[in-house]
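Colleague: Quick one: structure below, then a few questions.
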Amino acid sequence: MMQKVQRFGSAMFVPVLLFAFSGIVVGLATLFKNPQLMGSLAEIDSLWYQFWYVIEEGGWTVFNQMPLLFAIGIPIALAKQAQARACLEALTVYLTFNYFINALLTVWGDSFGVDMNAEVGGVSGLTEIAGIKTLDTNIIGAILVSSIVVYVHNRYFDKKLSDFLGIFQGSSYIVILCFFIMLPIALLVSFIWPIVQDGIASLQDFLTASGALGVWLYTFLERILIPTGLHHFIYSPFTLGPAVVEGGIVKYWFEHIGEYAASTQSLKELFPQGGFGLLGNSKIFGIPGIALAIYMTAKPEKKKVIAGLLIPITLTSVIAGITEPIEFTFLFISPLLFVIHSLLAASMATLMYSFGVVGNMGGGLIELVTGNWIPLFSSHTMTYIIQLIIGLSFTAIYFFVFRYLILKFDIATPGREKDQKKEVKFYTKKDYRAKKQTEKEAAPAKEEDQVVLCLRALGGKSNIIDVTNCATRLRVSVTDETKVEPDYAFREFGAHGIVRNGKALQVIIGLSVPQFRERLEHLLEQEK
């Protein structure tokens with residue numbers, strides 16, 4: 001079950017990878033259209049404004065079409081074969097599902113408590129998907145339908161039909177089966193979802209009213225569940241779904257950022273739900289404190305090597321918001337440190353929220369600056385000064401707390417390893433090559449060599465059931481976990497670490513993991 005849940009979590013992350021660039025485009029366009037910053041250049045009739053309006057509309061593509069992207073994206077990670085065909089099947093069936101709902105509500109809308117004559121959006125509970133007026137199930141409906149399609153695809157895609165029915169094999173057969181499955185599903189959704197929407201509205205009121213406690217619990221759970229890969233299920237309904245605002249925090253924030261920029265009213269009063277969008281602060285302010293503590297507690301003769309290791313992965317966290325490389329550096333050496341990290345991250349977000357800091361801050365510094373500081377700093381200067389003060393204070397808190405715990409409990413963080421415990425040492429790719437070639441600076445291993453070494457460390461092709469990935473991790477299900485080599489074998493070819501949960505493994509590769517997975521799958525195909 002854990003293997004299936006982790007694979008599903010990685011599938012949800014496929015469309016999310018598209019959000020970073022789109023967010024930057026929308027943020028910059030909003031900035032350049034702001035007359036308070038650009039003056040007469042940003043007047044609505046100017047060529048400058050019109051140019052950035054066009055750019056902004058293109059940037060909205062991902063946010064406006066989230067359900068379609070999730071419907072298409074999930075088969076990429078979950079389909080066991082013919083992923084491209086599975087994507088086409090998922091799109092076709094998802095559109096069929098929405099046409100069914102449209103027809104059901106058009107005929108019997110009153111019986112379901114839905115007014116199909118109402119305008120889409122707002123409190124109507126309606127939206128448009130590819131021109132189809134339907135219930136606003138957001139990404140939840142897309143994930144449900146796409147998951148059903150993937151299940152049917154994996155089970156029946158290769159089914160052999162009689163020769164005279166050969167035209168209906170493969171993708172056609174999957175769409176035919178799902179066509180009949182979608183009718184009762186659409187009927188069930190038409191009955192249940194209006195009730196769910198009422199419940200979501202109540203949840204929004206509760207979480208908004210819960211204030212600091214809700215922000216603390218949400219942030220803590222998002223961090224502490226990272227080792228399991230289940231943190232996607234915590235933040236996705238808030239940032240991408242309708243848990244607190246329609247369309248998710250990310251979309252809602254960019255839709256209203258112009259209003260916030262034109263107002264001097266407190267951001268917390270304007271958008272209290274933005275307290276659930278502060279996850280990135282621990283990546284920007286907390287991780288540098290952790291890295292500094294690891295560096296300062298390293299043995300003097302190893303500090304130079306440790307600095308070379310910590311600087312790039314710290315910058316990855318601060319700038320891009322990808323924390324796995326450094327978090328997995330200390331997570332499996334001492335889970336206590338990770339728990340402390342989660343507690344501090346939740347406390348920092350809660351304190352910021354209490355002092356009025358809210359917004360769309362789930363990523364790194366790029367997202368924070370382009371989507372928050374630049375467009376809003378002139379009208380909300382004090383809010384961001386407070387954020388900086390609290391953030392830098394927590395950088396110091398992180399440093400002193402981690403330094404104290406590392407020294408107090410003699411935790412073998414990188415640079416403090418005992419020579420005889422090779423598996424505890426955090427090896428970099430350069431360290432491994434230098435050792436093998438006895439050179440001061442060795443060339444990095446070829447990408448093909450890394451994949452071969454990874455396959456070998458996983459116990460060979462015969463030991464691998466399936467392979468997926470999220471943003472930085474290669475997720476692998478194996479037949480026999482005892483055949484998987486020790487942790488240091490993965491670090492030696494450049495991986496940042498490995499998570500072991502029975503037969504479900506997560507190899508921490510980094511941002512290049514999609515390409516790494518493709519090369520590994522190609523190698524597996526070659527060895528068949």
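Identifiers in the structure tokens: chain A, B, ... in order shown; residue index from 1 per chain; ligand index from 1 in order shown.
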Using only C-alpha atoms, which residues sit within 12 Å of region 393-399 of chain A once same-chain residues fewer than 6 positions away are excluded, as a PyMOL selection string?

Modeller: chain A and resi 281-297+337-338+340-349+351-352+386-387+405-406

Colleague: Write out as a list in words each polymer residue whose atoms come within 10 Å of Met382 (chain A), counting only C-alpha atoms; drop sequence neighbours fewer than 6 positions from it.

Modeller: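 Selected residues are Ser266, Gly356, Val357 and Leu388 of chain A.
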
Colleague: Write the residues of the selection above to a file with all heavy atoms, as an mmCIF file, in the first residue's frame.

Modeller:
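Generated file (out11.cif):
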data_model
loop_
_atom_site.group_PDB
_atom_site.id
_atom_site.type_symbol
_atom_site.label_atom_id
_atom_site.label_comp_id
_atom_site.auth_asym_id
_atom_site.auth_seq_id
_atom_site.Cartn_x
_atom_site.Cartn_y
_atom_site.Cartn_z
ATOM 1 N N SER A 266 -3.765 45.819 5.473
ATOM 2 C CA SER A 266 -2.936 44.681 5.861
ATOM 3 C C SER A 266 -3.190 43.487 4.951
ATOM 4 O O SER A 266 -4.330 43.140 4.649
ATOM 5 C CB SER A 266 -3.231 44.292 7.311
ATOM 6 O OG SER A 266 -2.684 43.029 7.625
ATOM 7 N N GLY A 356 1.296 39.259 10.586
ATOM 8 C CA GLY A 356 0.678 39.805 9.384
ATOM 9 C C GLY A 356 1.283 39.394 8.070
ATOM 10 O O GLY A 356 0.901 39.926 7.020
ATOM 11 N N VAL A 357 2.229 38.454 8.067
ATOM 12 C CA VAL A 357 2.864 38.024 6.820
ATOM 13 C C VAL A 357 2.035 36.893 6.199
ATOM 14 O O VAL A 357 1.835 35.853 6.822
ATOM 15 C CB VAL A 357 4.301 37.538 7.055
ATOM 16 C CG1 VAL A 357 4.929 37.082 5.740
ATOM 17 C CG2 VAL A 357 5.138 38.629 7.695
ATOM 18 N N LEU A 388 11.516 39.637 6.980
ATOM 19 C CA LEU A 388 12.971 39.506 6.976
ATOM 20 C C LEU A 388 13.533 39.402 8.388
ATOM 21 O O LEU A 388 14.432 38.598 8.653
ATOM 22 C CB LEU A 388 13.593 40.697 6.248
ATOM 23 C CG LEU A 388 13.552 40.649 4.717
ATOM 24 C CD1 LEU A 388 13.978 41.993 4.138
ATOM 25 C CD2 LEU A 388 14.448 39.536 4.190
#

Colleague: Can you pull out every residue within 7 Å of Val476 (chain A), counting only C-alpha atoms, but drop anything in the same chain fewer than 3 positions away, and send it as an NGL selection string?

Modeller: :A and (466-468 or 504-506)

Colleague: Can you pull out every residue within 9 Å of region 145-154 of chain A, counting only C-alpha atoms, but drop anything in the same chain fewer than 2 positions away, and send it as a PyMOL selection string?

Modeller: chain A and resi 8+70-75+78-81+86-87+89-91+93-94+97+140-143+156-158+170-171+174-175+177-178+181-182+185

Colleague: Need to verify the contact set: Ile234 (chain A), 9 Å, only C-alpha atoms, exclusion of same-chain residues closer than 4 positions in sequence. Can you return it as an MDAnalysis selection string?

Modeller: chainID A and resid 218:219 221:222 225 230 238

Colleague: Would you kindly return, as a PyMOL selection string, each protein, DNA or RNA residue with an atom no farther than 10 Å from any atom of Glu255 (chain A), considering only C-alpha atoms and excluding same-chain residues fewer than 5 positions away?

Modeller: chain A and resi 26+30+60+63+249-250

Colleague: Just the residues within 12 Å of Thr61 (chain A), please, counting only C-alpha atoms, with nothing from its chain fewer than 5 positions along; format it as a PyMOL selection string.

Modeller: chain A and resi 18-19+21-23+25-26+54-56+66-69+251

Colleague: For the residues in the current selection, export N, CA, C and O atoms as a short mmCIF file (atom, residue, chain, number, x, y, z; two decimals), in the first residue's frame.

Modeller:
data_model
loop_
_atom_site.label_atom_id
_atom_site.label_comp_id
_atom_site.auth_asym_id
_atom_site.auth_seq_id
_atom_site.Cartn_x
_atom_site.Cartn_y
_atom_site.Cartn_z
N LEU A 18 5.42 22.32 -13.61
CA LEU A 18 5.19 23.39 -14.59
C LEU A 18 4.85 24.72 -13.93
O LEU A 18 4.85 25.75 -14.60
N PHE A 19 4.56 24.70 -12.64
CA PHE A 19 4.04 25.89 -11.99
C PHE A 19 5.09 26.98 -11.75
O PHE A 19 4.76 28.16 -11.74
N PHE A 21 7.72 28.19 -13.50
CA PHE A 21 7.93 29.16 -14.58
C PHE A 21 6.69 30.01 -14.79
O PHE A 21 6.78 31.23 -14.97
N SER A 22 5.51 29.39 -14.78
CA SER A 22 4.28 30.14 -15.00
C SER A 22 4.07 31.19 -13.91
O SER A 22 3.64 32.31 -14.19
N GLY A 23 4.40 30.83 -12.68
CA GLY A 23 4.28 31.78 -11.58
C GLY A 23 5.19 32.98 -11.76
O GLY A 23 4.80 34.13 -11.48
N VAL A 25 6.33 34.16 -14.65
CA VAL A 25 5.81 34.96 -15.77
C VAL A 25 4.66 35.84 -15.32
O VAL A 25 4.63 37.05 -15.60
N VAL A 26 3.70 35.26 -14.59
CA VAL A 26 2.55 36.04 -14.12
C VAL A 26 2.99 37.11 -13.14
O VAL A 26 2.51 38.25 -13.18
N VAL A 54 -0.52 40.49 -22.91
CA VAL A 54 -0.41 39.29 -23.75
C VAL A 54 0.48 38.25 -23.07
O VAL A 54 0.15 37.06 -23.02
N ILE A 55 1.63 38.69 -22.55
CA ILE A 55 2.55 37.79 -21.85
C ILE A 55 1.87 37.14 -20.65
O ILE A 55 1.98 35.93 -20.41
N GLU A 56 1.14 37.96 -19.89
CA GLU A 56 0.47 37.45 -18.69
C GLU A 56 -0.57 36.39 -19.04
O GLU A 56 -0.68 35.37 -18.35
N MET A 66 -5.49 23.67 -14.95
CA MET A 66 -4.96 22.68 -14.00
C MET A 66 -5.65 21.32 -14.08
O MET A 66 -4.97 20.28 -14.11
N PRO A 67 -6.98 21.25 -14.11
CA PRO A 67 -7.60 19.91 -14.18
C PRO A 67 -7.15 19.10 -15.39
O PRO A 67 -6.87 17.91 -15.28
N LEU A 68 -7.07 19.77 -16.55
CA LEU A 68 -6.62 19.05 -17.75
C LEU A 68 -5.19 18.56 -17.60
O LEU A 68 -4.85 17.44 -18.00
N LEU A 69 -4.34 19.41 -17.01
CA LEU A 69 -2.94 19.02 -16.85
C LEU A 69 -2.80 17.84 -15.91
O LEU A 69 -1.97 16.94 -16.13
N LYS A 251 -3.22 30.12 -7.58
CA LYS A 251 -4.03 30.79 -8.60
C LYS A 251 -4.73 32.01 -8.03
O LYS A 251 -4.74 33.08 -8.66
#

Colleague: Mind running region 216-282 of chain A against region 32-49 of chain A at 9 Å and telling me each contacting residue's nearest atom pair with the distance in Å (one decimal), counting only C-alpha atoms, chain and number ascending, as JSON lines?

Modeller:
{"residue": "A:Gly258", "atom": "CA", "partner": "A:Asn34", "partner_atom": "CA", "distance": 7.3}
{"residue": "A:Ala261", "atom": "CA", "partner": "A:Asn34", "partner_atom": "CA", "distance": 7.8}
{"residue": "A:Ala262", "atom": "CA", "partner": "A:Gln36", "partner_atom": "CA", "distance": 7.7}

Colleague: Write out the residues from the selection above, keeping N, CA and C atoms, as a short mmCIF file (atom, residue, chain, number, x, y, z; two decimals), in the first residue's frame.

Modeller:
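The result, stored in out.cif:
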data_model
loop_
_atom_site.label_atom_id
_atom_site.label_comp_id
_atom_site.auth_asym_id
_atom_site.auth_seq_id
_atom_site.Cartn_x
_atom_site.Cartn_y
_atom_site.Cartn_z
N GLY A 258 -2.93 42.25 -8.14
CA GLY A 258 -3.07 43.65 -8.54
C GLY A 258 -3.86 44.45 -7.52
N ALA A 261 -1.66 45.03 -4.49
CA ALA A 261 -0.64 46.03 -4.74
C ALA A 261 -1.21 47.44 -4.67
N ALA A 262 -2.48 47.59 -5.01
CA ALA A 262 -3.10 48.91 -5.01
C ALA A 262 -3.66 49.30 -3.65
#

Colleague: Could you give me the residues within region 101-315 of chain A that DSSP places in strand (DSSP E or B), as a PyMOL selection string?

Modeller: chain A and resi 126-129+132-135
